[in-house]
Amino acid sequence: MSNPFGTVPPEAILEGDATDAYFERTRATLEHAGKNPHVVAEVTADQFPTGESEVFTGVKDVATLFEGRSVDVDALPDGQLFDGGPVCRIEGPYLEFAELETSLLGFLSQPSGFATAALEARFAAPDSLVLSFGARHVHPSIASTVERASLLAGLDGFSHVAAGEILGRAAGGTMPHALMFCFGEGNQAEAWTAFDEAVGEDVPRIALTDTFWDEKSESLLAAETLGDDLDGVRLDTTGSRRGDFRHIVREVCWELDARGHEDVDIFCSGGLEPASIRNLRDVADGFGVGSHITGADSVDFSLDIVEIDGEPISKRGKLSGVKNVYRTPDGGHHVALADREGPDEGTALLEPLIRDGDIVREFDLDGATERCLADAKAVGFDRSTK
């Protein structure tokens, strides 16, 4: 079986077959009419700033998509925050890239949504360990996209093994409830001991302590069982049994401290989102975040031709003409026509990505993370009211 899971293969994406049918019919029509105009097209989510910034990513895949085609592409740097105006600009003969629009928007829309949601989680607990646990909620073929977006937004790690191999990062994680079930109720200590004996020394000893009994009882048993080797406990309490989760965490912390286990960290997971993380960040040491990231809305990017054969053009409701976007020292995001002066002390954000088919930019995930976190502070990124 050459394609056992029925996914669209890379070859189809690169060759332009991963497209909407009307682009194929557009090509046929233009070729029939002998037309192939020189165009400038821009990718935007909002025409003007709205006051709410989002994270831009996926640009590395865009570069791969356009490599070898006779076009020039400019784009925001990976990890830059944006608020209106173009995030990507393509210039060249239209038929060089007509069928690529569908894949281009997909490469940008969903990863940017993942990264923005991950940044919300990061800002909800800026001083805590925050990990991505969301790969199980998406098709396995895009797990690395989720985990890369999470790292770009400043999360501390992720759980997916194959994604780690692609990204060159080690996946993390300790034990699921399935492990506890295999040992059975009343044998929790045996399960934790076997785990301690089986896994490498580099794996933190974090015991899952909400399986059969209440969180306090299992946490105290884990501390008694593993002693000083216990690094932490994880509370993954189901929402229907959670009640006041903050009180549960505080109770576990209190009882561990009272018995001399004040160095045991408390890690929380299970349907957490920024509001619940903010409520727990002063009583818990770390968080696993899944569905908040993978369930994020994709950024609603669209691609529009804004100049054709040197003349500005647009559909109704869109802005014609080639544009630039700028960041000002106060964190403002500004949109202006490219042939006009930008705002005073504004820095133009679009940078060369492709020149006549050649990739002219290098990609560094660590650098993109630094850019994302710095720019988030510069623009005052804050979703605390959501």
# chains A, B, ... in the order shown; residues from 1 in each chain; ligands from 1
>>> residues_around(residues="Lys60 (chain A)", least_positions_apart="3", cutoff="12 Å", atoms="only C-alpha atoms", output="count of residues only")
29
>>> residues_around(residues="region 26-30 of chain A", least_positions_apart="2", cutoff="12 Å", atoms="only C-alpha atoms", output="VMD selection string")
chain A and resid 16 19 to 24 32 to 37 93 to 100
>>> residues_around(residues="region 302-307 of chain A", least_positions_apart="4", cutoff="7 Å", atoms="only C-alpha atoms", output="list in words")
Val39, Val40, Ala41, Glu42, Val43, Thr44, Ala45, Leu105, Glu311, Pro312, Ile313, Ser314, Ser320, Gly321 and Val322 of chain A
>>> closest_residue(among="A:Asp339, A:Glu54, A:Glu251, A:Asp83", to="Asp214 (chain A)", atoms="only C-alpha atoms")
A:Glu251
>>> closest_residue(among="A:Leu235, A:Thr211, A:Arg136, A:Ala125", to="Ala178 (chain A)", atoms="only C-alpha atoms")
A:Thr211
>>> closest_residue(among="A:Gly113, A:Gly290, A:Gly357, A:Gly380", to="Val62 (chain A)", atoms="only C-alpha atoms")
A:Gly357
>>> select_by_dssp(residues="region 233-346 of chain A", states="strand (DSSP E)", output="JSON, numbers by chain")
{"A": [233, 234, 235, 265, 266, 267, 268, 286, 287, 288, 289, 302, 303, 304, 305, 306, 307, 308, 311, 312, 323, 324, 325, 326, 327, 333, 334, 335, 336, 337]}
>>> write_last_selection(atoms="C-alpha atoms", output="PDB file, in the first residue's frame")
ATOM      1  CA  VAL A 233       2.569  14.357  40.457  1.00  0.00           C
ATOM      2  CA  ARG A 234       0.164  14.899  37.572  1.00  0.00           C
ATOM      3  CA  LEU A 235      -3.502  15.617  38.133  1.00  0.00           C
ATOM      4  CA  ASP A 265       5.890  19.600  41.758  1.00  0.00           C
ATOM      5  CA  ILE A 266       2.249  19.543  40.750  1.00  0.00           C
ATOM      6  CA  PHE A 267       1.454  19.262  37.053  1.00  0.00           C
ATOM      7  CA  CYS A 268      -2.103  19.752  35.733  1.00  0.00           C
ATOM      8  CA  GLY A 286       3.204  23.113  35.140  1.00  0.00           C
ATOM      9  CA  PHE A 287       0.468  22.481  32.612  1.00  0.00           C
ATOM     10  CA  GLY A 288      -0.299  20.265  29.650  1.00  0.00           C
ATOM     11  CA  VAL A 289      -2.421  22.008  27.018  1.00  0.00           C
ATOM     12  CA  SER A 302      -7.191  34.958   1.574  1.00  0.00           C
ATOM     13  CA  LEU A 303      -5.085  35.667  -1.502  1.00  0.00           C
ATOM     14  CA  ASP A 304      -6.049  38.560  -3.769  1.00  0.00           C
ATOM     15  CA  ILE A 305      -4.502  40.043  -6.883  1.00  0.00           C
ATOM     16  CA  VAL A 306      -3.841  43.723  -6.121  1.00  0.00           C
ATOM     17  CA  GLU A 307      -1.928  44.739  -9.264  1.00  0.00           C
ATOM     18  CA  ILE A 308      -2.080  43.442 -12.819  1.00  0.00           C
ATOM     19  CA  GLU A 311      -2.072  48.758 -12.653  1.00  0.00           C
ATOM     20  CA  PRO A 312      -3.781  48.613  -9.214  1.00  0.00           C
ATOM     21  CA  LYS A 323       1.326  47.423   0.174  1.00  0.00           C
ATOM     22  CA  ASN A 324       3.821  47.290   2.998  1.00  0.00           C
ATOM     23  CA  VAL A 325       3.237  46.719   6.692  1.00  0.00           C
ATOM     24  CA  TYR A 326       5.232  48.363   9.476  1.00  0.00           C
ATOM     25  CA  ARG A 327       5.934  47.974  13.172  1.00  0.00           C
ATOM     26  CA  HIS A 333       0.974  47.856  13.184  1.00  0.00           C
ATOM     27  CA  HIS A 334       0.507  50.028  10.121  1.00  0.00           C
ATOM     28  CA  VAL A 335      -0.504  49.366   6.500  1.00  0.00           C
ATOM     29  CA  ALA A 336       0.545  51.689   3.663  1.00  0.00           C
ATOM     30  CA  LEU A 337       0.984  51.633  -0.108  1.00  0.00           C
TER      31      LEU A 337
END
>>> select_by_dssp(residues="region 103-171 of chain A", states="helix (DSSP H, G or I)", output="PyMOL selection string")
chain A and resi 103-124+135-137+140-152+161-167
>>> closest_residue(among="A:Glu185, A:Asp229, A:Asp358, A:Glu120", to="Gly154 (chain A)", atoms="only C-alpha atoms")
A:Glu120
>>> atom_distance(atom1="CA of Gly331 (chain A)", atom2="CA of Gly51 (chain A)")
10.8 Å
>>> atom_distance(atom1="CA of Gly227 (chain A)", atom2="CA of Ala170 (chain A)")
26.8 Å
>>> closest_residue(among="A:Leu119, A:Asp300, A:Thr328, A:Val264", to="Ala378 (chain A)", atoms="only C-alpha atoms")
A:Thr328
>>> atom_distance(atom1="CA of Leu151 (chain A)", atom2="CA of Ile166 (chain A)")
13.2 Å
>>> residues_around(residues="region 275-281 of chain A", least_positions_apart="2", cutoff="7 Å", atoms="only C-alpha atoms", output="PyMOL selection string")
chain A and resi 124-125+246+272-273+283-285
